[in-house]
$ cat run.csv   # CSV, C-alpha atoms
chain,number,residue,atom,x,y,z
A,274,MET,CA,112.1,100.3,46.2
A,275,ALA,CA,109.7,102.8,47.9
A,276,ALA,CA,108.0,102.0,51.1
A,277,VAL,CA,104.8,100.1,50.6
A,278,ALA,CA,101.6,101.5,52.1
A,279,VAL,CA,100.1,104.9,52.8
A,280,THR,CA,102.3,107.9,53.1
A,281,ALA,CA,101.8,111.3,51.4
A,282,ALA,CA,99.7,113.6,49.3
A,283,ALA,CA,99.3,116.1,46.5
A,284,ALA,CA,99.8,119.3,44.7
A,285,LEU,CA,98.1,120.8,41.7
A,286,LEU,CA,98.3,123.2,38.9
A,287,VAL,CA,95.2,124.2,36.8
A,288,ALA,CA,95.6,126.6,34.0
A,289,GLY,CA,98.6,128.3,35.5
A,290,GLN,CA,97.5,128.3,39.2
A,291,ALA,CA,100.2,127.5,41.7
A,292,ALA,CA,99.7,124.3,43.7
A,293,SER,CA,96.1,123.2,44.0
A,294,ALA,CA,94.6,126.7,44.4
A,295,MET,CA,91.7,127.9,42.4
A,296,PRO,CA,90.6,131.5,42.0
A,297,ALA,CA,88.4,132.7,44.9
A,298,GLY,CA,85.4,132.6,42.7
A,299,GLY,CA,85.8,128.9,41.8
A,300,PRO,CA,87.4,126.8,39.1
A,301,SER,CA,87.6,127.9,35.5
A,302,GLY,CA,85.7,124.9,34.2
A,303,HIS,CA,82.0,124.5,33.7
A,304,GLY,CA,81.2,122.5,36.9
A,305,GLY,CA,79.8,125.4,39.0
A,306,SER,CA,79.1,124.7,42.6
A,307,LYS,CA,78.0,121.2,41.8
A,308,GLY,CA,81.1,120.2,39.8
A,309,SER,CA,80.4,118.2,36.7
A,310,ALA,CA,78.8,114.8,36.0
A,311,LYS,CA,81.0,114.8,32.8
A,312,PRO,CA,84.3,113.4,34.1
A,313,PHE,CA,87.5,115.3,33.4
A,314,LEU,CA,89.1,111.8,33.3
A,315,GLY,CA,86.6,110.7,30.7
A,316,PRO,CA,89.0,111.0,27.6
A,317,LEU,CA,92.2,110.3,29.6
A,318,HIS,CA,93.2,106.6,29.1
A,319,THR,CA,96.9,106.5,28.3
A,320,VAL,CA,99.7,106.2,30.9
A,321,ASN,CA,103.3,107.0,30.0
A,322,THR,CA,106.5,107.4,31.9
A,323,VAL,CA,107.9,110.9,31.5
A,324,ALA,CA,111.3,110.5,33.3
A,325,SER,CA,113.1,109.1,36.3
A,326,THR,CA,112.9,111.3,39.5
A,327,ILE,CA,116.2,109.9,40.9
A,328,PRO,CA,119.0,112.6,41.1
A,329,ARG,CA,122.7,112.0,41.3
A,330,ASN,CA,122.7,111.4,45.1
A,331,LYS,CA,120.2,108.6,44.5
A,332,ASP,CA,117.4,109.9,46.6
A,333,VAL,CA,114.2,107.9,46.1
A,334,ASN,CA,110.5,107.9,47.0
A,335,PRO,CA,109.1,110.9,45.0
A,336,TYR,CA,106.3,112.7,46.9
A,337,GLY,CA,105.5,116.4,46.1
A,338,THR,CA,104.5,117.2,42.5
A,339,VAL,CA,103.8,120.7,41.1
A,340,VAL,CA,103.7,122.1,37.6
A,341,ILE,CA,105.7,125.4,37.3
A,342,GLN,CA,103.6,128.3,36.1
A,343,LYS,CA,106.2,130.9,35.1
A,344,SER,CA,109.8,130.8,34.2
A,345,THR,CA,111.9,132.6,36.8
A,346,GLY,CA,115.5,132.0,37.9
A,347,ARG,CA,116.2,128.2,37.3
A,348,LEU,CA,112.5,127.3,37.3
A,349,ARG,CA,111.1,126.7,33.8
A,350,SER,CA,107.4,127.1,32.8
A,351,GLY,CA,105.7,123.8,32.1
A,352,ASN,CA,108.3,121.7,33.9
A,353,VAL,CA,107.3,119.6,36.9
A,354,LEU,CA,109.0,120.1,40.3
A,355,VAL,CA,109.3,116.9,42.5
A,356,SER,CA,110.5,116.4,46.1
A,357,ASN,CA,112.1,113.2,47.3
A,358,PHE,CA,111.3,111.7,50.8
A,359,ASN,CA,113.9,108.9,51.1
A,360,ASN,CA,117.7,108.9,50.7
A,361,ALA,CA,119.7,106.4,48.7
A,362,ALA,CA,119.4,103.8,51.5
A,363,ASN,CA,115.6,104.1,51.2
A,364,LEU,CA,115.2,105.5,54.7
A,365,GLN,CA,112.0,107.5,55.0
A,366,GLY,CA,112.2,111.1,56.2
A,367,THR,CA,115.8,111.5,55.0
A,368,GLY,CA,115.4,112.7,51.4
A,369,THR,CA,116.9,116.2,50.7
A,370,THR,CA,116.4,116.8,47.0
A,371,LEU,CA,114.1,118.6,44.6
A,372,VAL,CA,114.3,117.7,40.9
A,373,GLN,CA,112.9,119.5,37.9
A,374,VAL,CA,111.5,117.4,35.1
A,375,ASP,CA,111.1,118.6,31.6
A,376,PRO,CA,108.1,116.7,30.1
A,377,LYS,CA,108.9,117.7,26.5
A,378,LYS,CA,112.6,116.6,26.6
A,379,ARG,CA,111.9,113.8,29.2
A,380,THR,CA,114.9,114.9,31.2
A,381,THR,CA,115.5,115.4,34.9
A,382,ARG,CA,117.9,117.8,36.6
A,383,LEU,CA,118.6,118.8,40.2
A,384,PHE,CA,116.9,122.0,41.4
A,385,ALA,CA,118.1,121.8,45.0
A,386,GLN,CA,119.9,119.6,47.5
A,387,ILE,CA,119.2,120.8,51.0
A,388,ASN,CA,121.9,120.5,53.7
A,389,PRO,CA,120.3,119.9,57.1
A,390,LYS,CA,123.3,121.4,58.8
A,391,ARG,CA,123.1,124.7,56.9
A,392,LEU,CA,119.5,125.7,57.3
A,393,PRO,CA,119.0,129.4,58.0
A,394,GLY,CA,116.3,128.8,60.6
A,395,ALA,CA,114.8,126.1,62.9
A,396,CYS,CA,113.6,122.8,61.5
A,397,PRO,CA,113.4,120.3,64.4
A,398,GLY,CA,114.9,117.0,63.4
A,399,GLY,CA,116.5,118.1,60.1
A,400,VAL,CA,115.3,117.4,56.5
A,401,GLY,CA,113.0,114.8,55.0
A,402,LEU,CA,111.1,116.3,52.1
A,403,THR,CA,107.3,115.5,52.0
A,404,THR,CA,104.5,116.0,49.5
A,405,ALA,CA,103.9,119.5,50.9
A,406,LEU,CA,105.2,121.4,47.9
A,407,SER,CA,104.1,124.7,46.3
A,408,VAL,CA,105.5,127.4,44.1
A,409,LEU,CA,104.5,131.0,44.9
A,410,PRO,CA,104.7,134.1,42.8
A,411,GLY,CA,108.2,135.2,42.2
A,412,GLY,CA,109.3,131.5,42.1
A,413,TRP,CA,109.4,131.1,45.9
A,414,VAL,CA,109.4,127.3,46.5
A,415,VAL,CA,107.9,126.1,49.8
A,416,VAL,CA,108.4,122.4,50.7
A,417,GLY,CA,107.6,120.5,53.9
A,418,SER,CA,110.0,118.5,56.0
A,419,LEU,CA,109.0,115.6,58.2
A,420,PRO,CA,112.5,114.2,59.2
A,421,THR,CA,113.6,111.0,60.9
A,422,ALA,CA,117.1,110.0,62.1
A,423,ASP,CA,116.9,106.4,60.8
A,424,GLY,CA,113.8,106.1,58.6
A,425,SER,CA,111.6,104.9,61.5
A,426,SER,CA,108.5,106.6,63.0
A,427,ALA,CA,110.1,106.4,66.5
A,428,THR,CA,112.6,109.1,65.5
A,429,ALA,CA,110.3,111.4,63.5
A,430,GLN,CA,110.3,115.0,64.6
A,431,ALA,CA,108.3,118.1,64.0
A,432,GLY,CA,110.2,119.4,61.0
A,433,CYS,CA,109.3,122.7,59.3
A,434,LEU,CA,108.4,124.4,56.0
A,435,ILE,CA,111.6,125.3,54.0
A,436,VAL,CA,111.5,128.3,51.6
A,437,LEU,CA,113.8,128.4,48.6
A,438,ASP,CA,114.3,131.1,46.1
A,439,ASN,CA,113.9,130.6,42.3
A,440,ARG,CA,117.5,129.4,42.0
A,441,GLY,CA,117.2,126.7,44.6
A,442,LYS,CA,118.9,128.4,47.5
A,443,VAL,CA,117.3,128.0,51.0
A,444,ARG,CA,116.4,131.4,52.4
A,445,GLU,CA,114.3,130.7,55.5
A,446,THR,CA,112.2,128.2,57.4
A,447,PHE,CA,108.8,128.3,59.1
A,448,SER,CA,108.5,126.1,62.2
A,449,GLY,CA,106.4,125.9,65.4
A,450,LYS,CA,102.9,127.5,65.9
A,451,GLY,CA,101.2,124.2,65.0
A,452,ILE,CA,103.6,123.0,62.3
A,453,ASN,CA,104.2,119.4,63.4
A,454,GLY,CA,105.0,116.9,60.6
A,455,PRO,CA,103.8,118.9,57.6
A,456,TRP,CA,102.6,116.2,55.2
A,457,ASP,CA,100.8,117.9,52.3
A,458,MET,CA,100.1,121.5,51.2
A,459,THR,CA,98.3,123.6,48.7
A,460,ALA,CA,98.5,127.4,48.2
A,461,THR,CA,96.6,130.4,46.7
A,462,SER,CA,97.9,133.9,46.1
A,463,ARG,CA,96.1,137.3,45.9
A,464,GLY,CA,98.2,140.4,45.5
A,465,ASN,CA,101.0,140.4,47.9
A,466,ARG,CA,99.4,137.7,50.1
A,467,SER,CA,99.8,133.9,49.8
A,468,ASP,CA,97.9,131.4,52.0
A,469,LEU,CA,99.4,127.9,52.6
A,470,PHE,CA,97.1,125.1,53.6
A,471,VAL,CA,99.1,122.5,55.4
A,472,THR,CA,98.2,119.1,56.9
A,473,ASN,CA,100.1,118.0,60.0
A,474,VAL,CA,100.4,114.4,61.1
A,475,LEU,CA,102.6,114.2,64.2
A,476,ASN,CA,100.4,115.6,67.0
A,477,GLY,CA,100.6,112.8,69.5
A,478,THR,CA,101.2,110.2,66.7
A,479,VAL,CA,104.6,108.9,67.8
A,480,ALA,CA,103.5,108.6,71.4
A,481,GLY,CA,100.5,106.6,70.2
A,482,GLY,CA,102.7,103.8,69.1
A,483,GLY,CA,100.6,102.7,66.2
A,484,ALA,CA,97.2,103.4,67.8
A,485,VAL,CA,94.9,105.8,66.0
A,486,VAL,CA,95.2,109.3,67.4
A,487,ASN,CA,92.6,111.9,66.4
A,488,GLN,CA,94.8,114.9,66.5
A,489,GLY,CA,95.7,115.6,62.8
A,490,THR,CA,95.3,119.2,61.8
A,491,VAL,CA,95.1,121.6,58.8
A,492,LEU,CA,96.7,125.0,59.2
A,493,ARG,CA,96.2,128.1,57.1
A,494,ILE,CA,99.6,130.0,57.1
A,495,SER,CA,99.3,133.5,55.7
A,496,LEU,CA,102.4,135.0,54.1
A,497,GLN,CA,103.2,138.5,53.0
A,498,LEU,CA,105.1,138.4,49.6
A,499,ARG,CA,108.0,141.0,49.4
A,500,GLY,CA,109.3,140.7,45.9
A,501,ASP,CA,113.0,139.6,45.9
A,502,ARG,CA,113.0,139.3,49.7
A,503,PRO,CA,111.7,136.1,51.4
A,504,PRO,CA,108.0,136.0,52.3
A,505,VAL,CA,107.1,136.8,55.9
A,506,ARG,CA,104.6,134.7,58.0
A,507,VAL,CA,102.0,137.0,59.3
A,508,ALA,CA,99.4,134.6,60.7
A,509,THR,CA,98.8,130.9,61.5
A,510,THR,CA,95.2,129.6,62.0
A,511,THR,CA,94.1,126.1,62.7
A,512,ILE,CA,91.1,125.5,60.3
A,513,GLY,CA,90.8,121.7,60.6
A,514,SER,CA,91.4,119.4,63.5
A,515,GLY,CA,90.6,115.9,64.9
A,516,PHE,CA,91.8,113.9,61.9
A,517,ALA,CA,92.7,110.3,62.5
A,518,GLN,CA,96.4,109.5,62.2
A,519,LYS,CA,98.8,106.8,63.3
A,520,THR,CA,102.3,105.5,62.8
A,521,ASP,CA,102.9,102.5,60.5
A,522,PRO,CA,106.0,100.3,60.1
A,523,ALA,CA,105.9,100.5,56.3
A,524,ALA,CA,104.3,103.9,55.8
A,525,LEU,CA,105.9,105.8,58.6
A,526,VAL,CA,102.8,107.9,59.2
A,527,ILE,CA,99.2,107.6,58.0
A,528,GLY,CA,97.0,110.7,58.4
A,529,PRO,CA,95.3,113.6,56.6
A,530,THR,CA,97.1,113.9,53.3
A,531,GLY,CA,96.0,115.6,50.0
A,532,VAL,CA,94.4,119.0,50.1
A,533,GLY,CA,92.8,121.0,47.3
A,534,LEU,CA,91.1,124.5,47.3
A,535,ARG,CA,88.0,125.1,45.3
A,536,GLY,CA,86.6,128.5,45.7
A,537,LYS,CA,86.6,129.0,49.5
A,538,THR,CA,86.3,125.3,50.3
A,539,LEU,CA,89.3,123.1,51.1
A,540,TYR,CA,88.9,119.4,50.4
A,541,VAL,CA,91.0,117.0,52.4
A,542,ALA,CA,91.9,113.3,51.8
A,543,ASP,CA,91.2,111.7,55.1
A,544,SER,CA,93.3,108.6,54.5
A,545,VAL,CA,92.7,106.6,57.7
A,546,GLU,CA,88.9,107.0,57.5
A,547,ASN,CA,89.0,106.4,53.7
A,548,ARG,CA,87.0,109.5,52.8
A,549,ILE,CA,87.1,113.0,51.5
A,550,THR,CA,86.0,115.9,53.7
A,551,ALA,CA,85.3,119.6,53.1
A,552,ILE,CA,86.3,122.5,55.2
A,553,PRO,CA,84.1,125.5,54.4
A,554,ASN,CA,85.3,129.1,54.3
A,555,ALA,CA,88.9,128.0,54.4
A,556,LEU,CA,90.2,131.3,53.2
A,557,ASP,CA,88.5,133.4,56.0
A,558,ARG,CA,87.6,131.2,58.9
A,559,ARG,CA,89.2,132.0,62.3
A,560,THR,CA,88.3,128.7,64.0
A,561,SER,CA,88.6,125.0,63.4
A,562,ALA,CA,85.9,123.2,61.4
A,563,GLY,CA,87.0,119.9,62.9
A,564,THR,CA,87.2,117.3,60.2
A,565,GLY,CA,84.7,119.1,58.1
A,566,ARG,CA,81.7,117.8,56.1
A,567,VAL,CA,82.0,114.3,54.6
A,568,VAL,CA,81.9,114.5,50.8
A,569,THR,CA,82.3,110.8,50.0
A,570,THR,CA,83.6,107.6,51.5
A,571,ASP,CA,84.4,104.0,50.6
A,572,GLN,CA,83.1,102.8,47.2
A,573,ASN,CA,86.1,103.3,44.8
A,574,LEU,CA,88.2,105.0,47.5
A,575,ASN,CA,91.0,102.8,48.9
A,576,GLY,CA,93.2,104.8,51.2
A,577,PRO,CA,93.1,108.2,49.3
A,578,LEU,CA,96.4,110.1,49.4
A,579,GLY,CA,97.0,112.8,46.7
A,580,LEU,CA,94.2,115.2,46.0
A,581,ALA,CA,93.7,117.8,43.3
A,582,ILE,CA,90.9,119.9,41.8
A,583,ALA,CA,90.1,119.3,38.1
A,584,PRO,CA,89.2,122.2,35.8
A,585,ASN,CA,85.6,121.0,35.8
A,586,GLY,CA,85.4,121.5,39.6
A,587,ASN,CA,85.6,117.8,40.5
A,588,ILE,CA,88.0,116.3,43.0
A,589,LEU,CA,90.7,113.9,42.0
A,590,THR,CA,92.3,111.5,44.5
A,591,VAL,CA,94.8,108.7,44.1
A,592,ASN,CA,94.5,105.5,46.2
A,593,SER,CA,97.3,103.9,48.2
A,594,GLY,CA,95.6,100.5,48.2
A,595,ASP,CA,95.1,99.8,44.5
A,596,GLY,CA,96.9,102.3,42.3
A,597,ASN,CA,93.7,103.9,41.0
A,598,ILE,CA,92.7,107.6,40.5
A,599,VAL,CA,89.1,108.5,41.4
A,600,GLU,CA,87.1,111.5,40.3
A,601,THR,CA,84.4,112.8,42.7
A,602,THR,CA,81.9,115.6,42.3
A,603,PRO,CA,81.7,118.2,45.2
A,604,ARG,CA,78.3,116.6,46.0
A,605,GLY,CA,80.0,113.2,46.5
A,606,ALA,CA,79.2,111.2,43.3
A,607,GLN,CA,82.2,109.2,42.2
A,608,VAL,CA,82.1,109.5,38.4
A,609,ALA,CA,85.3,108.0,37.1
A,610,VAL,CA,88.1,105.6,37.9
A,611,ARG,CA,91.4,104.9,36.1
A,612,THR,CA,94.2,102.6,36.9
A,613,LEU,CA,97.6,104.4,37.1
A,614,ASP,CA,99.8,101.7,38.6
A,615,SER,CA,99.1,97.9,38.4
A,616,SER,CA,102.5,96.7,39.7
A,617,GLY,CA,103.1,95.1,43.1
A,618,THR,CA,101.0,93.0,45.5
A,619,PRO,CA,98.3,94.2,45.8
A,620,PRO,CA,98.6,96.2,42.5
A,621,GLY,CA,99.6,99.8,43.1
A,622,ALA,CA,100.0,99.5,46.8
A,623,GLY,CA,101.7,102.5,48.2
A,624,ALA,CA,102.9,103.7,44.8
A,625,LEU,CA,100.9,106.9,44.2
A,626,PHE,CA,101.5,110.2,46.0
A,627,GLY,CA,101.7,113.7,44.5
A,628,LEU,CA,99.7,114.6,41.4
A,629,ALA,CA,99.3,117.7,39.3
A,630,VAL,CA,96.7,118.6,36.7
A,631,ALA,CA,97.5,120.6,33.6
A,632,THR,CA,95.4,121.7,30.6
A,633,CYS,CA,95.8,122.4,26.9
A,634,PRO,CA,95.9,119.5,26.4
A,635,ASP,CA,94.3,118.0,29.5
A,636,ARG,CA,96.6,115.6,31.5
A,637,VAL,CA,97.5,114.5,35.0
A,638,TYR,CA,101.1,114.2,36.1
A,639,TYR,CA,101.8,111.9,39.0
A,640,VAL,CA,104.8,110.4,40.8
A,641,ASP,CA,105.0,106.6,41.0
A,642,ASP,CA,107.1,105.3,44.0
A,643,ALA,CA,107.2,101.8,42.6
A,644,SER,CA,109.3,103.0,39.7
A,645,ASN,CA,110.7,106.3,41.1
A,646,SER,CA,109.4,108.1,38.1
A,647,LEU,CA,107.1,111.0,37.0
A,648,ASN,CA,104.3,109.6,34.8
A,649,VAL,CA,101.4,111.2,32.9
A,650,LEU,CA,97.8,110.2,32.3
A,651,SER,CA,96.6,111.7,29.0
A,652,ARG,CA,94.5,111.1,25.9
A,653,PRO,CA,95.5,108.2,23.6

$ encode --input "run.csv" --output "structure tokens"
Amino acid sequence: MAAVAVTAAAALLVAGQAASAMPAGGPSGHGGSKGSAKPFLGPLHTVNTVASTIPRNKDVNPYGTVVIQKSTGRLRSGNVLVSNFNNAANLQGTGTTLVQVDPKKRTTRLFAQINPKRLPGACPGGVGLTTALSVLPGGWVVVGSLPTADGSSATAQAGCLIVLDNRGKVRETFSGKGINGPWDMTATSRGNRSDLFVTNVLNGTVAGGGAVVNQGTVLRISLQLRGDRPPVRVATTTIGSGFAQKTDPAALVIGPTGVGLRGKTLYVADSVENRITAIPNALDRRTSAGTGRVVTTDQNLNGPLGLAIAPNGNILTVNSGDGNIVETTPRGAQVAVRTLDSSGTPPGAGALFGLAVATCPDRVYYVDDASNSLNVLSRP
């Protein structure tokens, strides 16, 4: 069984965009700057299991979720890439595998199993794959690692971002310069540049011993793409800071989780404070916006984790406390709620993490930790 309570976040694909990035001018839907009062979730009522996310080594606790845009190497367009956070013994922060799920065939195959002892660069603590997962042009896969030695928060270390090529081979790591427990990520690419937006949840958290520590951050990590050669990190900027975070016996860490880019605004699921905030000018700003502007709080939110931007410009979040998905306009109106997981006590507790939106037809893929599966919310 997966750990019960709050843990990770989201990734997204909209009309072929990698991760939760939107074009710089905004989403392709009709929501405009206000989003849309007509919910994207409106016609979506049916939940089905696509496939198990457990690979041969029995890793569990699926976290990161991203739809693959373009076939390249071993990546196949339309398939869903998923990262696992726990090993076969269900120890958090020890999962080492990425699996690729084919929604049409309902099959799962291993994309990569990462050996912590054979990393080509620094990754303090080893490997424990989080929800920070994106696929960049050329099929470069970037995944976060927040590792532990024994599944407990007391042994959690800074980790890194691990870069794999399109055949699943680890080529480099990014560590330091503010990377400290990378928990979630989204990305956008323009020409030969990609920007990663990464939440970090270990700044002073372990030392806090379960007390709330307001040191969570959001980094913008700018990369230069170089074709068949691994990307190069050219800049790291802290664009968000002061987010509440804490260790938790069941959840390992609770802190800023899902992120989604809409135009130049980055939306953040502030899990501890039970709200969604917005960081303006996320693509260009050179200083921290703190925790940003509060978009919405409470009401239907119940420990928001994963976050994604729908094609109509609205914000989708999944709750750790009740297994629901909530749709919110950029102006803060919560316009739709659907139940994705009703198992457990309370229903859906700690089951929902990464989610990814796809269109033609409209649907939402999400991982369910209670069943270790990839599921889909779609039309009847």

$ closest_atom_pairs --input "run.csv" --of "segment 295-403 of chain A" --to "segment 501-524 of chain A" --cutoff "12 Å" --atoms "all atoms listed in the file" --output "JSON lines"
{"residue": "A:Asn334", "atom": "CA", "partner": "A:Ala524", "partner_atom": "CA", "distance": 11.5}
{"residue": "A:Thr345", "atom": "CA", "partner": "A:Asp501", "partner_atom": "CA", "distance": 11.5}
{"residue": "A:Gly346", "atom": "CA", "partner": "A:Asp501", "partner_atom": "CA", "distance": 11.3}
{"residue": "A:Phe358", "atom": "CA", "partner": "A:Ala524", "partner_atom": "CA", "distance": 11.6}
{"residue": "A:Asn359", "atom": "CA", "partner": "A:Ala524", "partner_atom": "CA", "distance": 11.8}
{"residue": "A:Asn363", "atom": "CA", "partner": "A:Ala523", "partner_atom": "CA", "distance": 11.5}
{"residue": "A:Leu364", "atom": "CA", "partner": "A:Ala523", "partner_atom": "CA", "distance": 10.7}
{"residue": "A:Gln365", "atom": "CA", "partner": "A:Ala524", "partner_atom": "CA", "distance": 8.5}
{"residue": "A:Gly366", "atom": "CA", "partner": "A:Ala524", "partner_atom": "CA", "distance": 10.7}
{"residue": "A:Pro393", "atom": "CA", "partner": "A:Pro503", "partner_atom": "CA", "distance": 11.9}

$ residues_near_point --input "run.csv" --point "(99.4, 138.7, 50.1)" --cutoff "7 Å" --atoms "only C-alpha atoms" --output "list in words"
Ser462, Arg463, Gly464, Asn465, Arg466, Ser467, Leu496, Gln497 and Leu498 of chain A

$ residues_around --input "run.csv" --residues "Phe447 of chain A" --least-positions-apart "5" --cutoff "10 Å" --atoms "all atoms listed in the file" --output "list in words"
Gly394, Ala395, Cys396, Val415, Gly417, Gly432, Cys433, Leu434, Ile435, Val436, Ile452, Ile494, Val505 and Arg506 of chain A

$ closest_residue --input "run.csv" --among "A:Leu613, A:Leu492, A:Leu406, A:Leu534" --to "Gly586 of chain A" --atoms "only C-alpha atoms"
A:Leu534

$ residues_near_point --input "run.csv" --point "(104.2, 116.7, 46.8)" --cutoff "10 Å" --atoms "all atoms listed in the file" --output "VMD selection string"
chain A and resid 281 to 285 292 335 to 339 354 to 358 402 to 407 416 to 417 456 to 459 531 579 626 to 629 639 to 640

$ build_atoms --input "run.csv" --residues "segment 529-544 of chain A" --atoms "N, CA, C and O atoms" --output "PDB file, keeping the file's coordinate frame"
ATOM      1  N   PRO A 529      95.869 112.739  57.600  1.00  0.00           N
ATOM      2  CA  PRO A 529      95.300 113.600  56.600  1.00  0.00           C
ATOM      3  C   PRO A 529      96.340 113.969  55.554  1.00  0.00           C
ATOM      4  O   PRO A 529      97.408 114.442  55.918  1.00  0.00           O
ATOM      5  N   THR A 530      96.033 113.752  54.285  1.00  0.00           N
ATOM      6  CA  THR A 530      97.100 113.900  53.300  1.00  0.00           C
ATOM      7  C   THR A 530      96.673 114.977  52.236  1.00  0.00           C
ATOM      8  O   THR A 530      96.776 116.157  52.519  1.00  0.00           O
ATOM      9  N   GLY A 531      96.220 114.590  51.062  1.00  0.00           N
ATOM     10  CA  GLY A 531      96.000 115.600  50.000  1.00  0.00           C
ATOM     11  C   GLY A 531      95.019 116.641  50.336  1.00  0.00           C
ATOM     12  O   GLY A 531      94.005 116.416  50.995  1.00  0.00           O
ATOM     13  N   VAL A 532      95.288 117.857  49.888  1.00  0.00           N
ATOM     14  CA  VAL A 532      94.400 119.000  50.100  1.00  0.00           C
ATOM     15  C   VAL A 532      94.265 119.750  48.737  1.00  0.00           C
ATOM     16  O   VAL A 532      95.219 119.853  47.968  1.00  0.00           O
ATOM     17  N   GLY A 533      93.061 120.270  48.485  1.00  0.00           N
ATOM     18  CA  GLY A 533      92.800 121.000  47.300  1.00  0.00           C
ATOM     19  C   GLY A 533      91.777 122.107  47.535  1.00  0.00           C
ATOM     20  O   GLY A 533      90.742 121.836  48.160  1.00  0.00           O
ATOM     21  N   LEU A 534      92.037 123.326  47.081  1.00  0.00           N
ATOM     22  CA  LEU A 534      91.100 124.500  47.300  1.00  0.00           C
ATOM     23  C   LEU A 534      90.286 124.707  46.090  1.00  0.00           C
ATOM     24  O   LEU A 534      90.789 124.834  44.974  1.00  0.00           O
ATOM     25  N   ARG A 535      88.959 124.779  46.321  1.00  0.00           N
ATOM     26  CA  ARG A 535      88.000 125.100  45.300  1.00  0.00           C
ATOM     27  C   ARG A 535      87.105 126.209  45.756  1.00  0.00           C
ATOM     28  O   ARG A 535      86.318 126.009  46.667  1.00  0.00           O
ATOM     29  N   GLY A 536      87.254 127.404  45.186  1.00  0.00           N
ATOM     30  CA  GLY A 536      86.600 128.500  45.700  1.00  0.00           C
ATOM     31  C   GLY A 536      87.102 128.816  47.139  1.00  0.00           C
ATOM     32  O   GLY A 536      88.299 128.976  47.340  1.00  0.00           O
ATOM     33  N   LYS A 537      86.217 128.798  48.137  1.00  0.00           N
ATOM     34  CA  LYS A 537      86.600 129.000  49.500  1.00  0.00           C
ATOM     35  C   LYS A 537      86.602 127.677  50.307  1.00  0.00           C
ATOM     36  O   LYS A 537      86.800 127.679  51.519  1.00  0.00           O
ATOM     37  N   THR A 538      86.347 126.570  49.627  1.00  0.00           N
ATOM     38  CA  THR A 538      86.300 125.300  50.300  1.00  0.00           C
ATOM     39  C   THR A 538      87.535 124.483  50.103  1.00  0.00           C
ATOM     40  O   THR A 538      88.036 124.357  48.987  1.00  0.00           O
ATOM     41  N   LEU A 539      88.061 123.952  51.194  1.00  0.00           N
ATOM     42  CA  LEU A 539      89.300 123.100  51.100  1.00  0.00           C
ATOM     43  C   LEU A 539      88.843 121.665  51.299  1.00  0.00           C
ATOM     44  O   LEU A 539      88.193 121.292  52.277  1.00  0.00           O
ATOM     45  N   TYR A 540      89.225 120.842  50.330  1.00  0.00           N
ATOM     46  CA  TYR A 540      88.900 119.400  50.400  1.00  0.00           C
ATOM     47  C   TYR A 540      90.160 118.670  50.912  1.00  0.00           C
ATOM     48  O   TYR A 540      91.295 119.002  50.565  1.00  0.00           O
ATOM     49  N   VAL A 541      89.921 117.681  51.762  1.00  0.00           N
ATOM     50  CA  VAL A 541      91.000 117.000  52.400  1.00  0.00           C
ATOM     51  C   VAL A 541      90.808 115.456  52.217  1.00  0.00           C
ATOM     52  O   VAL A 541      89.705 114.919  52.394  1.00  0.00           O
ATOM     53  N   ALA A 542      91.888 114.778  51.842  1.00  0.00           N
ATOM     54  CA  ALA A 542      91.900 113.300  51.800  1.00  0.00           C
ATOM     55  C   ALA A 542      92.161 112.765  53.160  1.00  0.00           C
ATOM     56  O   ALA A 542      93.275 112.853  53.665  1.00  0.00           O
ATOM     57  N   ASP A 543      91.123 112.239  53.791  1.00  0.00           N
ATOM     58  CA  ASP A 543      91.200 111.700  55.100  1.00  0.00           C
ATOM     59  C   ASP A 543      91.568 110.206  55.002  1.00  0.00           C
ATOM     60  O   ASP A 543      90.700 109.334  54.954  1.00  0.00           O
ATOM     61  N   SER A 544      92.864 109.921  54.932  1.00  0.00           N
ATOM     62  CA  SER A 544      93.300 108.600  54.500  1.00  0.00           C
ATOM     63  C   SER A 544      92.922 107.483  55.466  1.00  0.00           C
ATOM     64  O   SER A 544      92.493 106.418  55.022  1.00  0.00           O
TER      65      SER A 544
END
